[in-house]
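So this one's coords_20.cif, mmCIF, C-alpha atoms, pLDDT in the B column; chains and numbers go by the auth columns:
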```cif
data_my_file
#
loop_
_atom_site.group_PDB
_atom_site.id
_atom_site.type_symbol
_atom_site.label_atom_id
_atom_site.label_comp_id
_atom_site.label_asym_id
_atom_site.label_seq_id
_atom_site.Cartn_x
_atom_site.Cartn_y
_atom_site.Cartn_z
_atom_site.B_iso_or_equiv
_atom_site.auth_seq_id
_atom_site.auth_asym_id
ATOM 1 C CA MET A 1 30.947 36.239 -21.754 46.00 1 A
ATOM 2 C CA ALA A 2 31.972 32.997 -20.089 51.00 2 A
ATOM 3 C CA LEU A 3 29.769 30.017 -20.670 51.00 3 A
ATOM 4 C CA ALA A 4 27.789 28.832 -17.670 52.00 4 A
ATOM 5 C CA THR A 5 29.316 25.756 -16.078 53.00 5 A
ATOM 6 C CA ARG A 6 27.264 22.690 -15.162 52.00 6 A
ATOM 7 C CA THR A 7 27.298 23.758 -11.501 53.00 7 A
ATOM 8 C CA ASP A 8 25.891 27.209 -12.446 58.00 8 A
ATOM 9 C CA ARG A 9 22.736 25.763 -13.927 68.00 9 A
ATOM 10 C CA ARG A 10 19.592 26.051 -11.906 70.00 10 A
ATOM 11 C CA PRO A 11 18.161 22.721 -10.750 70.00 11 A
ATOM 12 C CA SER A 12 15.082 21.494 -12.586 77.00 12 A
ATOM 13 C CA MET A 13 11.634 21.900 -11.065 75.00 13 A
ATOM 14 C CA THR A 14 11.449 18.136 -10.601 77.00 14 A
ATOM 15 C CA ARG A 15 14.753 18.093 -8.698 77.00 15 A
ATOM 16 C CA THR A 16 13.708 21.083 -6.579 78.00 16 A
ATOM 17 C CA LEU A 17 10.430 19.333 -5.720 73.00 17 A
ATOM 18 C CA TRP A 18 12.212 16.090 -4.812 78.00 18 A
ATOM 19 C CA ASP A 19 14.858 17.810 -2.667 74.00 19 A
ATOM 20 C CA SER A 20 12.408 19.838 -0.578 83.00 20 A
ATOM 21 C CA SER A 21 10.564 18.501 2.441 82.00 21 A
ATOM 22 C CA VAL A 22 7.291 19.921 1.117 85.00 22 A
ATOM 23 C CA GLY A 23 7.919 18.177 -2.196 85.00 23 A
ATOM 24 C CA LYS A 24 8.578 14.827 -0.519 86.00 24 A
ATOM 25 C CA LYS A 25 5.424 15.171 1.563 89.00 25 A
ATOM 26 C CA THR A 26 3.445 15.967 -1.590 90.00 26 A
ATOM 27 C CA ILE A 27 4.897 12.902 -3.334 90.00 27 A
ATOM 28 C CA MET A 28 3.983 10.806 -0.304 91.00 28 A
ATOM 29 C CA ALA A 29 0.430 12.177 -0.348 91.00 29 A
ATOM 30 C CA VAL A 30 -0.149 11.589 -4.081 93.00 30 A
ATOM 31 C CA SER A 31 1.458 8.137 -4.102 93.00 31 A
ATOM 32 C CA GLY A 32 -0.520 7.247 -0.980 93.00 32 A
ATOM 33 C CA LEU A 33 -3.796 8.185 -2.662 94.00 33 A
ATOM 34 C CA ILE A 34 -2.854 6.072 -5.699 95.00 34 A
ATOM 35 C CA MET A 35 -2.279 3.098 -3.395 95.00 35 A
ATOM 36 C CA LEU A 36 -5.540 3.822 -1.563 95.00 36 A
ATOM 37 C CA GLY A 37 -7.422 3.720 -4.865 95.00 37 A
ATOM 38 C CA TYR A 38 -5.803 0.376 -5.630 96.00 38 A
ATOM 39 C CA LEU A 39 -6.741 -0.989 -2.192 96.00 39 A
ATOM 40 C CA VAL A 40 -10.403 -0.078 -2.690 96.00 40 A
ATOM 41 C CA ALA A 41 -10.479 -1.764 -6.120 96.00 41 A
ATOM 42 C CA HIS A 42 -8.579 -4.784 -4.813 96.00 42 A
ATOM 43 C CA MET A 43 -10.937 -5.206 -1.864 97.00 43 A
ATOM 44 C CA VAL A 44 -13.994 -5.087 -4.142 97.00 44 A
ATOM 45 C CA GLY A 45 -12.388 -7.712 -6.378 96.00 45 A
ATOM 46 C CA ASN A 46 -11.552 -9.917 -3.386 96.00 46 A
ATOM 47 C CA LEU A 47 -15.174 -9.902 -2.250 97.00 47 A
ATOM 48 C CA LYS A 48 -16.144 -11.695 -5.470 97.00 48 A
ATOM 49 C CA ILE A 49 -14.901 -14.848 -3.766 97.00 49 A
ATOM 50 C CA PHE A 50 -18.244 -14.969 -1.920 97.00 50 A
ATOM 51 C CA PHE A 51 -19.995 -15.581 -5.261 96.00 51 A
ATOM 52 C CA GLY A 52 -18.168 -18.864 -5.816 95.00 52 A
ATOM 53 C CA PRO A 53 -15.127 -20.218 -7.668 96.00 53 A
ATOM 54 C CA ASP A 54 -16.463 -19.554 -11.181 95.00 54 A
ATOM 55 C CA GLU A 55 -17.085 -15.880 -10.483 96.00 55 A
ATOM 56 C CA TYR A 56 -13.763 -15.388 -8.716 96.00 56 A
ATOM 57 C CA ASN A 57 -11.723 -17.251 -11.334 96.00 57 A
ATOM 58 C CA ARG A 58 -13.499 -15.278 -14.062 95.00 58 A
ATOM 59 C CA TYR A 59 -12.453 -12.073 -12.283 95.00 59 A
ATOM 60 C CA GLY A 60 -8.850 -13.330 -12.140 94.00 60 A
ATOM 61 C CA HIS A 61 -8.975 -14.024 -15.890 94.00 61 A
ATOM 62 C CA TRP A 62 -10.433 -10.561 -16.587 95.00 62 A
ATOM 63 C CA LEU A 63 -7.477 -8.943 -14.826 94.00 63 A
ATOM 64 C CA ARG A 64 -5.226 -10.456 -17.495 93.00 64 A
ATOM 65 C CA THR A 65 -7.475 -9.554 -20.424 94.00 65 A
ATOM 66 C CA MET A 66 -8.120 -6.013 -19.130 93.00 66 A
ATOM 67 C CA GLY A 67 -7.901 -3.556 -22.005 90.00 67 A
ATOM 68 C CA ASP A 68 -8.527 -6.191 -24.677 90.00 68 A
ATOM 69 C CA PRO A 69 -8.481 -5.883 -27.672 89.00 69 A
ATOM 70 C CA VAL A 70 -6.420 -2.684 -27.526 92.00 70 A
ATOM 71 C CA LEU A 71 -3.869 -4.198 -25.156 90.00 71 A
ATOM 72 C CA HIS A 72 -2.256 -7.608 -25.452 93.00 72 A
ATOM 73 C CA TYR A 73 -2.808 -10.317 -22.843 92.00 73 A
ATOM 74 C CA SER A 74 -1.669 -9.154 -19.351 92.00 74 A
ATOM 75 C CA TRP A 75 -0.481 -5.740 -20.599 95.00 75 A
ATOM 76 C CA GLY A 76 -3.215 -3.930 -18.661 95.00 76 A
ATOM 77 C CA LEU A 77 -2.350 -5.847 -15.503 94.00 77 A
ATOM 78 C CA TRP A 78 1.343 -5.100 -15.910 94.00 78 A
ATOM 79 C CA LEU A 79 0.573 -1.407 -16.462 96.00 79 A
ATOM 80 C CA VAL A 80 -1.287 -1.351 -13.148 95.00 80 A
ATOM 81 C CA ARG A 81 1.621 -3.188 -11.491 94.00 81 A
ATOM 82 C CA VAL A 82 4.198 -0.720 -12.824 96.00 82 A
ATOM 83 C CA VAL A 83 2.192 2.293 -11.602 96.00 83 A
ATOM 84 C CA LEU A 84 1.645 0.634 -8.222 95.00 84 A
ATOM 85 C CA VAL A 85 5.309 -0.333 -7.789 94.00 85 A
ATOM 86 C CA ALA A 86 6.364 3.230 -8.687 96.00 86 A
ATOM 87 C CA ALA A 87 3.910 4.607 -6.108 95.00 87 A
ATOM 88 C CA VAL A 88 5.142 2.197 -3.409 94.00 88 A
ATOM 89 C CA VAL A 89 8.820 2.991 -4.086 93.00 89 A
ATOM 90 C CA LEU A 90 8.285 6.765 -4.165 93.00 90 A
ATOM 91 C CA HIS A 91 6.185 6.569 -0.995 92.00 91 A
ATOM 92 C CA ALA A 92 8.723 4.459 0.889 90.00 92 A
ATOM 93 C CA VAL A 93 11.798 6.415 -0.232 90.00 93 A
ATOM 94 C CA SER A 94 10.156 9.758 0.578 89.00 94 A
ATOM 95 C CA ALA A 95 9.120 8.498 4.020 87.00 95 A
ATOM 96 C CA TYR A 96 12.617 7.191 4.758 86.00 96 A
ATOM 97 C CA GLN A 97 14.345 10.382 3.618 86.00 97 A
ATOM 98 C CA LEU A 98 11.964 12.594 5.560 84.00 98 A
ATOM 99 C CA SER A 99 12.591 10.470 8.643 79.00 99 A
ATOM 100 C CA ARG A 100 16.376 10.758 8.212 81.00 100 A
ATOM 101 C CA ARG A 101 16.076 14.500 7.614 79.00 101 A
ATOM 102 C CA ASP A 102 14.032 14.866 10.795 73.00 102 A
ATOM 103 C CA ILE A 103 16.637 12.950 12.814 72.00 103 A
ATOM 104 C CA LYS A 104 19.506 15.076 11.448 74.00 104 A
ATOM 105 C CA ALA A 105 17.618 18.276 12.265 69.00 105 A
ATOM 106 C CA ARG A 106 17.417 17.377 15.956 65.00 106 A
ATOM 107 C CA PRO A 107 20.053 18.686 18.362 57.00 107 A
ATOM 108 C CA ALA A 108 22.888 16.258 19.065 54.00 108 A
ATOM 109 C CA LYS A 109 22.174 16.266 22.764 51.00 109 A
ATOM 110 C CA TYR A 110 19.050 16.939 24.777 48.00 110 A
ATOM 111 C CA VAL A 111 19.057 18.770 28.085 48.00 111 A
ATOM 112 C CA HIS A 112 15.887 16.943 28.998 48.00 112 A
ATOM 113 C CA LYS A 113 14.854 13.439 28.122 49.00 113 A
ATOM 114 C CA LYS A 114 13.989 13.174 24.417 48.00 114 A
ATOM 115 C CA PRO A 115 10.212 13.092 23.960 48.00 115 A
ATOM 116 C CA ARG A 116 8.849 9.868 22.560 50.00 116 A
ATOM 117 C CA ALA A 117 7.443 9.858 19.055 51.00 117 A
ATOM 118 C CA SER A 118 3.681 10.207 18.866 53.00 118 A
ATOM 119 C CA TYR A 119 1.482 7.131 18.612 55.00 119 A
ATOM 120 C CA ALA A 120 0.582 8.042 15.021 57.00 120 A
ATOM 121 C CA THR A 121 4.243 8.431 14.033 61.00 121 A
ATOM 122 C CA ARG A 122 5.224 5.074 15.541 64.00 122 A
ATOM 123 C CA THR A 123 2.208 3.420 13.912 68.00 123 A
ATOM 124 C CA MET A 124 3.056 4.806 10.471 75.00 124 A
ATOM 125 C CA ARG A 125 6.713 3.813 10.770 76.00 125 A
ATOM 126 C CA TRP A 126 6.218 0.225 11.910 82.00 126 A
ATOM 127 C CA GLY A 127 3.070 -0.172 9.855 83.00 127 A
ATOM 128 C CA GLY A 128 5.055 0.713 6.755 84.00 128 A
ATOM 129 C CA VAL A 129 7.671 -1.931 7.558 87.00 129 A
ATOM 130 C CA ILE A 130 5.009 -4.581 8.222 90.00 130 A
ATOM 131 C CA LEU A 131 3.216 -3.765 4.971 92.00 131 A
ATOM 132 C CA ALA A 132 6.449 -3.868 2.943 91.00 132 A
ATOM 133 C CA LEU A 133 7.242 -7.342 4.272 93.00 133 A
ATOM 134 C CA PHE A 134 3.644 -8.442 3.687 94.00 134 A
ATOM 135 C CA ILE A 135 3.661 -7.279 0.058 93.00 135 A
ATOM 136 C CA LEU A 136 6.758 -9.401 -0.570 94.00 136 A
ATOM 137 C CA TRP A 137 5.168 -12.451 1.073 95.00 137 A
ATOM 138 C CA HIS A 138 1.829 -11.888 -0.690 95.00 138 A
ATOM 139 C CA LEU A 139 3.492 -11.768 -4.120 93.00 139 A
ATOM 140 C CA LEU A 140 5.522 -14.911 -3.417 94.00 140 A
ATOM 141 C CA ASP A 141 2.383 -16.643 -2.173 94.00 141 A
ATOM 142 C CA LEU A 142 -0.412 -15.784 -4.613 92.00 142 A
ATOM 143 C CA THR A 143 1.405 -14.366 -7.659 92.00 143 A
ATOM 144 C CA THR A 144 4.476 -16.540 -8.162 91.00 144 A
ATOM 145 C CA GLY A 145 3.422 -19.434 -5.896 91.00 145 A
ATOM 146 C CA THR A 146 6.957 -19.669 -4.469 92.00 146 A
ATOM 147 C CA VAL A 147 5.876 -19.969 -0.828 91.00 147 A
ATOM 148 C CA HIS A 148 2.332 -21.137 -1.509 91.00 148 A
ATOM 149 C CA SER A 149 0.904 -24.035 0.489 84.00 149 A
ATOM 150 C CA GLY A 150 -1.100 -26.867 -1.018 78.00 150 A
ATOM 151 C CA GLY A 151 0.267 -26.672 -4.537 85.00 151 A
ATOM 152 C CA PHE A 152 -0.054 -23.437 -6.527 89.00 152 A
ATOM 153 C CA GLN A 153 -2.472 -23.644 -9.479 91.00 153 A
ATOM 154 C CA GLU A 154 -1.920 -21.086 -12.228 89.00 154 A
ATOM 155 C CA GLY A 155 -5.244 -19.649 -13.392 88.00 155 A
ATOM 156 C CA HIS A 156 -7.172 -20.901 -10.339 92.00 156 A
ATOM 157 C CA PRO A 157 -7.061 -17.968 -7.871 94.00 157 A
ATOM 158 C CA TYR A 158 -10.069 -19.237 -5.904 96.00 158 A
ATOM 159 C CA GLN A 159 -8.351 -22.475 -4.913 95.00 159 A
ATOM 160 C CA ASN A 160 -5.068 -20.680 -4.256 95.00 160 A
ATOM 161 C CA VAL A 161 -6.774 -18.257 -1.843 96.00 161 A
ATOM 162 C CA VAL A 162 -8.539 -21.117 -0.046 95.00 162 A
ATOM 163 C CA ASP A 163 -5.218 -22.984 0.261 94.00 163 A
ATOM 164 C CA THR A 164 -3.496 -19.945 1.784 94.00 164 A
ATOM 165 C CA PHE A 165 -6.195 -19.299 4.383 95.00 165 A
ATOM 166 C CA SER A 166 -6.441 -22.965 5.278 94.00 166 A
ATOM 167 C CA THR A 167 -3.146 -22.554 7.157 93.00 167 A
ATOM 168 C CA TRP A 168 -2.880 -20.841 10.543 94.00 168 A
ATOM 169 C CA TYR A 169 0.207 -18.850 9.549 94.00 169 A
ATOM 170 C CA GLY A 170 -1.423 -17.633 6.331 94.00 170 A
ATOM 171 C CA ASN A 171 -4.297 -16.212 8.370 96.00 171 A
ATOM 172 C CA VAL A 172 -2.036 -14.647 11.015 96.00 172 A
ATOM 173 C CA ILE A 173 0.231 -12.950 8.471 95.00 173 A
ATOM 174 C CA TYR A 174 -2.696 -11.609 6.449 96.00 174 A
ATOM 175 C CA ILE A 175 -4.834 -10.385 9.347 96.00 175 A
ATOM 176 C CA VAL A 176 -1.911 -8.668 11.120 95.00 176 A
ATOM 177 C CA ALA A 177 -0.958 -6.957 7.854 96.00 177 A
ATOM 178 C CA MET A 178 -4.536 -5.812 7.248 96.00 178 A
ATOM 179 C CA LEU A 179 -4.766 -4.344 10.751 95.00 179 A
ATOM 180 C CA ALA A 180 -1.523 -2.459 10.079 94.00 180 A
ATOM 181 C CA MET A 181 -2.944 -1.326 6.738 94.00 181 A
ATOM 182 C CA GLY A 182 -6.074 0.016 8.441 94.00 182 A
ATOM 183 C CA LEU A 183 -4.064 2.096 10.900 91.00 183 A
ATOM 184 C CA HIS A 184 -1.824 3.309 8.069 92.00 184 A
ATOM 185 C CA VAL A 185 -4.823 4.386 5.990 93.00 185 A
ATOM 186 C CA GLN A 186 -6.506 6.100 8.922 90.00 186 A
ATOM 187 C CA HIS A 187 -3.566 8.395 9.641 89.00 187 A
ATOM 188 C CA GLY A 188 -2.235 8.573 6.078 89.00 188 A
ATOM 189 C CA PHE A 189 -5.485 9.748 4.465 89.00 189 A
ATOM 190 C CA TRP A 190 -5.845 12.607 6.919 84.00 190 A
ATOM 191 C CA SER A 191 -2.159 13.547 6.526 85.00 191 A
ATOM 192 C CA ALA A 192 -2.469 13.512 2.733 88.00 192 A
ATOM 193 C CA ALA A 193 -5.449 15.872 2.933 85.00 193 A
ATOM 194 C CA GLN A 194 -3.435 18.297 5.078 83.00 194 A
ATOM 195 C CA THR A 195 -0.418 18.136 2.744 84.00 195 A
ATOM 196 C CA LEU A 196 -2.511 18.755 -0.384 83.00 196 A
ATOM 197 C CA GLY A 197 -4.282 21.710 1.217 79.00 197 A
ATOM 198 C CA VAL A 198 -7.692 20.070 1.478 77.00 198 A
ATOM 199 C CA GLY A 199 -7.731 20.070 5.263 66.00 199 A
ATOM 200 C CA SER A 200 -8.902 22.984 7.371 69.00 200 A
ATOM 201 C CA ALA A 201 -10.168 23.593 10.872 71.00 201 A
ATOM 202 C CA ALA A 202 -13.755 23.382 9.607 75.00 202 A
ATOM 203 C CA ARG A 203 -13.173 20.156 7.659 77.00 203 A
ATOM 204 C CA ASP A 204 -10.938 18.468 10.214 81.00 204 A
ATOM 205 C CA ARG A 205 -13.688 16.454 11.903 84.00 205 A
ATOM 206 C CA VAL A 206 -15.175 15.328 8.563 86.00 206 A
ATOM 207 C CA LEU A 207 -11.781 14.264 7.187 87.00 207 A
ATOM 208 C CA LYS A 208 -10.897 12.315 10.317 87.00 208 A
ATOM 209 C CA THR A 209 -14.291 10.583 10.264 90.00 209 A
ATOM 210 C CA LEU A 210 -13.843 9.732 6.583 92.00 210 A
ATOM 211 C CA ALA A 211 -10.327 8.423 7.269 91.00 211 A
ATOM 212 C CA THR A 212 -11.626 6.191 10.067 93.00 212 A
ATOM 213 C CA LEU A 213 -14.531 4.963 7.909 95.00 213 A
ATOM 214 C CA LEU A 214 -12.174 4.099 5.031 95.00 214 A
ATOM 215 C CA ALA A 215 -9.836 2.248 7.382 95.00 215 A
ATOM 216 C CA VAL A 216 -12.667 0.237 8.967 96.00 216 A
ATOM 217 C CA VAL A 217 -14.306 -0.673 5.642 97.00 217 A
ATOM 218 C CA LEU A 218 -11.015 -1.708 4.023 97.00 218 A
ATOM 219 C CA THR A 219 -9.870 -3.719 7.039 97.00 219 A
ATOM 220 C CA ALA A 220 -13.232 -5.470 7.403 97.00 220 A
ATOM 221 C CA GLY A 221 -13.447 -6.159 3.671 97.00 221 A
ATOM 222 C CA PHE A 222 -10.007 -7.735 3.436 97.00 222 A
ATOM 223 C CA VAL A 223 -10.220 -9.656 6.718 97.00 223 A
ATOM 224 C CA SER A 224 -13.627 -11.087 5.795 97.00 224 A
ATOM 225 C CA VAL A 225 -11.991 -13.409 3.236 97.00 225 A
ATOM 226 C CA PRO A 226 -9.692 -15.372 5.607 97.00 226 A
ATOM 227 C CA VAL A 227 -12.470 -15.412 8.219 97.00 227 A
ATOM 228 C CA ALA A 228 -14.858 -16.890 5.636 97.00 228 A
ATOM 229 C CA VAL A 229 -12.345 -19.617 4.764 96.00 229 A
ATOM 230 C CA MET A 230 -11.649 -20.382 8.428 95.00 230 A
ATOM 231 C CA THR A 231 -15.361 -20.703 9.221 95.00 231 A
ATOM 232 C CA GLY A 232 -16.121 -22.792 6.120 94.00 232 A
ATOM 233 C CA LEU A 233 -18.294 -20.142 4.473 95.00 233 A
ATOM 234 C CA VAL A 234 -15.829 -20.199 1.575 94.00 234 A
ATOM 235 C CA SER A 235 -14.299 -23.593 0.822 88.00 235 A
#
```

In structure tokens, write the structure found in this file.
Amino acid sequence: MALATRTDRRPSMTRTLWDSSVGKKTIMAVSGLIMLGYLVAHMVGNLKIFFGPDEYNRYGHWLRTMGDPVLHYSWGLWLVRVVLVAAVVLHAVSAYQLSRRDIKARPAKYVHKKPRASYATRTMRWGGVILALFILWHLLDLTTGTVHSGGFQEGHPYQNVVDTFSTWYGNVIYIVAMLAMGLHVQHGFWSAAQTLGVGSAARDRVLKTLATLLAVVLTAGFVSVPVAVMTGLVS
């Protein structure tokens, strides 16, 4: 009996999942929920700024000692970062490939004028681009201090946040990104529920209400920080 060649082997389950449209949508849903969990935790942490610089700086220090004494300094934070980066990359790549696959599946020519993409589709597409650019800027601003205004101070997150939101462009970039995030969460949460089989005709209204509530709470929570700095509530 002839030995099976490499091309005769059946693809792995992981490869089959990745190659299928259903698999990519599932990956998008799971990675999206991971990012949503991070956003909720991050928003709660951000709100500590209203309790003063000592409380907020203590929170920033805890992020680096998370998991102590089992984990070394910053290992817990880096573990979170690795998981989050993996989720962002998988989410973005899956979205891009699904978009390209959808374009290729369309007829080359249309007899009638091509229908415009839905509002939700356009929002998700451009919202994703805006958020990707914001993440890059946010890291360069408050993590590495590369584009930070006012002199970046390692270990003093409170002052760094106040410096950022003391500039008009820092506020504009952040607020626009948070509005895009809210719209992304609103549609993405409901889509994830449908993909993972949680959605149904009976639950549709509840899921959409929950998606809207999540989007509003997250947007308001994040935007409250630059607004507080602008109004002098946090200084």

All residues 7 Å or closer to segment 151-161 of chain A, all atoms listed in the file, same chain fewer than 2 positions away omitted, as a count of residues only: 12

Using all atoms listed in the file, determine which residues lie at most 10 Å from Ile173 of chain A, disregarding the query and same-chain residues fewer than 3 positions distant; provide the list as a PDB file with C-alpha atoms, keeping the file's coordinate frame.
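The new file selection.pdb reads:
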```pdb
ATOM      1  CA  ILE A 130       5.009  -4.581   8.222  1.00 90.00           C
ATOM      2  CA  LEU A 133       7.242  -7.342   4.272  1.00 93.00           C
ATOM      3  CA  PHE A 134       3.644  -8.442   3.687  1.00 94.00           C
ATOM      4  CA  TRP A 137       5.168 -12.451   1.073  1.00 95.00           C
ATOM      5  CA  HIS A 138       1.829 -11.888  -0.690  1.00 95.00           C
ATOM      6  CA  PHE A 165      -6.195 -19.299   4.383  1.00 95.00           C
ATOM      7  CA  TRP A 168      -2.880 -20.841  10.543  1.00 94.00           C
ATOM      8  CA  TYR A 169       0.207 -18.850   9.549  1.00 94.00           C
ATOM      9  CA  GLY A 170      -1.423 -17.633   6.331  1.00 94.00           C
ATOM     10  CA  VAL A 176      -1.911  -8.668  11.120  1.00 95.00           C
ATOM     11  CA  ALA A 177      -0.958  -6.957   7.854  1.00 96.00           C
ATOM     12  CA  MET A 178      -4.536  -5.812   7.248  1.00 96.00           C
TER      13      MET A 178
END
```

Picked residues, the PyMOL selection byres ((chain A and resi 26-40) around 10), expected as a PyMOL selection string: chain A and resi 17-18+20-25+41-46+80+83-95+181+184-185+188-196+214+217-218+221-222

Straight-line distance linking atom CA of Leu207 of chain A with atom CA of Ala132 of chain A, stated in Å to one decimal: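 Calculated distance between atom CA of Leu207 of chain A and atom CA of Ala132 of chain A is 26.1 Å.
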
Point-to-point distance in Å for atom CA of Leu136 of chain A and atom CA of Arg64 of chain A: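 Separating atom CA of Arg64 of chain A from atom CA of Leu136 of chain A is a distance of 20.8 Å.
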
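Taking atom CA of Val229 of chain A and atom CA of Val162 of chain A as the two end points, the separation is 6.3 Å.
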
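Closest approach to Val216 of chain A among A:Leu63, A:Leu183, A:Gly232, A:Thr143 is made by A:Leu183 (distances from all atoms listed in the file).
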
Chain and number of each residue from the PyMOL selection byres ((chain A and resi 233) around 12), as JSON, numbers by chain: {"A": [49, 50, 51, 52, 162, 224, 225, 226, 227, 228, 229, 230, 231, 232, 234, 235]}

Emit the selected residues as an mmCIF file, keeping the file's coordinate frame, including C-alpha atoms.
```cif
data_model
loop_
_atom_site.group_PDB
_atom_site.id
_atom_site.type_symbol
_atom_site.label_atom_id
_atom_site.label_comp_id
_atom_site.auth_asym_id
_atom_site.auth_seq_id
_atom_site.Cartn_x
_atom_site.Cartn_y
_atom_site.Cartn_z
ATOM 1 C CA ILE A 49 -14.901 -14.848 -3.766
ATOM 2 C CA PHE A 50 -18.244 -14.969 -1.920
ATOM 3 C CA PHE A 51 -19.995 -15.581 -5.261
ATOM 4 C CA GLY A 52 -18.168 -18.864 -5.816
ATOM 5 C CA VAL A 162 -8.539 -21.117 -0.046
ATOM 6 C CA SER A 224 -13.627 -11.087 5.795
ATOM 7 C CA VAL A 225 -11.991 -13.409 3.236
ATOM 8 C CA PRO A 226 -9.692 -15.372 5.607
ATOM 9 C CA VAL A 227 -12.470 -15.412 8.219
ATOM 10 C CA ALA A 228 -14.858 -16.890 5.636
ATOM 11 C CA VAL A 229 -12.345 -19.617 4.764
ATOM 12 C CA MET A 230 -11.649 -20.382 8.428
ATOM 13 C CA THR A 231 -15.361 -20.703 9.221
ATOM 14 C CA GLY A 232 -16.121 -22.792 6.120
ATOM 15 C CA VAL A 234 -15.829 -20.199 1.575
ATOM 16 C CA SER A 235 -14.299 -23.593 0.822
#
```

Which residue of A:Thr146, A:Thr219, A:Thr167, A:Leu210 approaches Gly182 of chain A most closely, using all atoms listed in the file: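 Among the listed residues, A:Thr219 lies closest to Gly182 of chain A.
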
Return segment 171-176 of chain A, completed with all heavy atoms, as a PDB file, in the frame of the given file.
```
ATOM      1  N   ASN A 171      -3.298 -17.095   7.759  1.00 96.00           N
ATOM      2  CA  ASN A 171      -4.297 -16.212   8.370  1.00 96.00           C
ATOM      3  C   ASN A 171      -3.650 -15.163   9.275  1.00 96.00           C
ATOM      4  O   ASN A 171      -4.020 -13.990   9.237  1.00 96.00           O
ATOM      5  CB  ASN A 171      -5.298 -17.043   9.175  1.00 96.00           C
ATOM      6  CG  ASN A 171      -6.191 -17.878   8.292  1.00 96.00           C
ATOM      7  OD1 ASN A 171      -6.803 -17.369   7.368  1.00 96.00           O
ATOM      8  ND2 ASN A 171      -6.273 -19.169   8.572  1.00 96.00           N
ATOM      9  N   VAL A 172      -2.693 -15.574  10.085  1.00 96.00           N
ATOM     10  CA  VAL A 172      -2.036 -14.647  11.015  1.00 96.00           C
ATOM     11  C   VAL A 172      -1.311 -13.546  10.246  1.00 96.00           C
ATOM     12  O   VAL A 172      -1.469 -12.355  10.557  1.00 96.00           O
ATOM     13  CB  VAL A 172      -1.052 -15.400  11.932  1.00 96.00           C
ATOM     14  CG1 VAL A 172      -0.192 -14.404  12.712  1.00 96.00           C
ATOM     15  CG2 VAL A 172      -1.805 -16.317  12.885  1.00 96.00           C
ATOM     16  N   ILE A 173      -0.525 -13.938   9.256  1.00 95.00           N
ATOM     17  CA  ILE A 173       0.231 -12.950   8.471  1.00 95.00           C
ATOM     18  C   ILE A 173      -0.723 -11.960   7.811  1.00 95.00           C
ATOM     19  O   ILE A 173      -0.519 -10.737   7.873  1.00 95.00           O
ATOM     20  CB  ILE A 173       1.082 -13.656   7.401  1.00 95.00           C
ATOM     21  CG1 ILE A 173       2.212 -14.452   8.051  1.00 95.00           C
ATOM     22  CG2 ILE A 173       1.678 -12.634   6.413  1.00 95.00           C
ATOM     23  CD1 ILE A 173       2.993 -15.327   7.089  1.00 95.00           C
ATOM     24  N   TYR A 174      -1.767 -12.460   7.195  1.00 96.00           N
ATOM     25  CA  TYR A 174      -2.696 -11.609   6.449  1.00 96.00           C
ATOM     26  C   TYR A 174      -3.469 -10.673   7.373  1.00 96.00           C
ATOM     27  O   TYR A 174      -3.579  -9.467   7.100  1.00 96.00           O
ATOM     28  CB  TYR A 174      -3.661 -12.489   5.666  1.00 96.00           C
ATOM     29  CG  TYR A 174      -4.446 -11.748   4.608  1.00 96.00           C
ATOM     30  CD1 TYR A 174      -3.930 -11.563   3.335  1.00 96.00           C
ATOM     31  CD2 TYR A 174      -5.722 -11.252   4.894  1.00 96.00           C
ATOM     32  CE1 TYR A 174      -4.657 -10.901   2.362  1.00 96.00           C
ATOM     33  CE2 TYR A 174      -6.452 -10.587   3.927  1.00 96.00           C
ATOM     34  CZ  TYR A 174      -5.919 -10.414   2.662  1.00 96.00           C
ATOM     35  OH  TYR A 174      -6.644  -9.738   1.705  1.00 96.00           O
ATOM     36  N   ILE A 175      -4.016 -11.207   8.452  1.00 96.00           N
ATOM     37  CA  ILE A 175      -4.834 -10.385   9.347  1.00 96.00           C
ATOM     38  C   ILE A 175      -3.997  -9.309  10.043  1.00 96.00           C
ATOM     39  O   ILE A 175      -4.427  -8.148  10.148  1.00 96.00           O
ATOM     40  CB  ILE A 175      -5.563 -11.275  10.378  1.00 96.00           C
ATOM     41  CG1 ILE A 175      -6.617 -12.133   9.659  1.00 96.00           C
ATOM     42  CG2 ILE A 175      -6.214 -10.423  11.462  1.00 96.00           C
ATOM     43  CD1 ILE A 175      -7.295 -13.162  10.534  1.00 96.00           C
ATOM     44  N   VAL A 176      -2.796  -9.665  10.498  1.00 95.00           N
ATOM     45  CA  VAL A 176      -1.911  -8.668  11.120  1.00 95.00           C
ATOM     46  C   VAL A 176      -1.578  -7.557  10.123  1.00 95.00           C
ATOM     47  O   VAL A 176      -1.613  -6.368  10.452  1.00 95.00           O
ATOM     48  CB  VAL A 176      -0.622  -9.331  11.642  1.00 95.00           C
ATOM     49  CG1 VAL A 176       0.416  -8.273  12.023  1.00 95.00           C
ATOM     50  CG2 VAL A 176      -0.932 -10.218  12.842  1.00 95.00           C
TER      51      VAL A 176
END
```
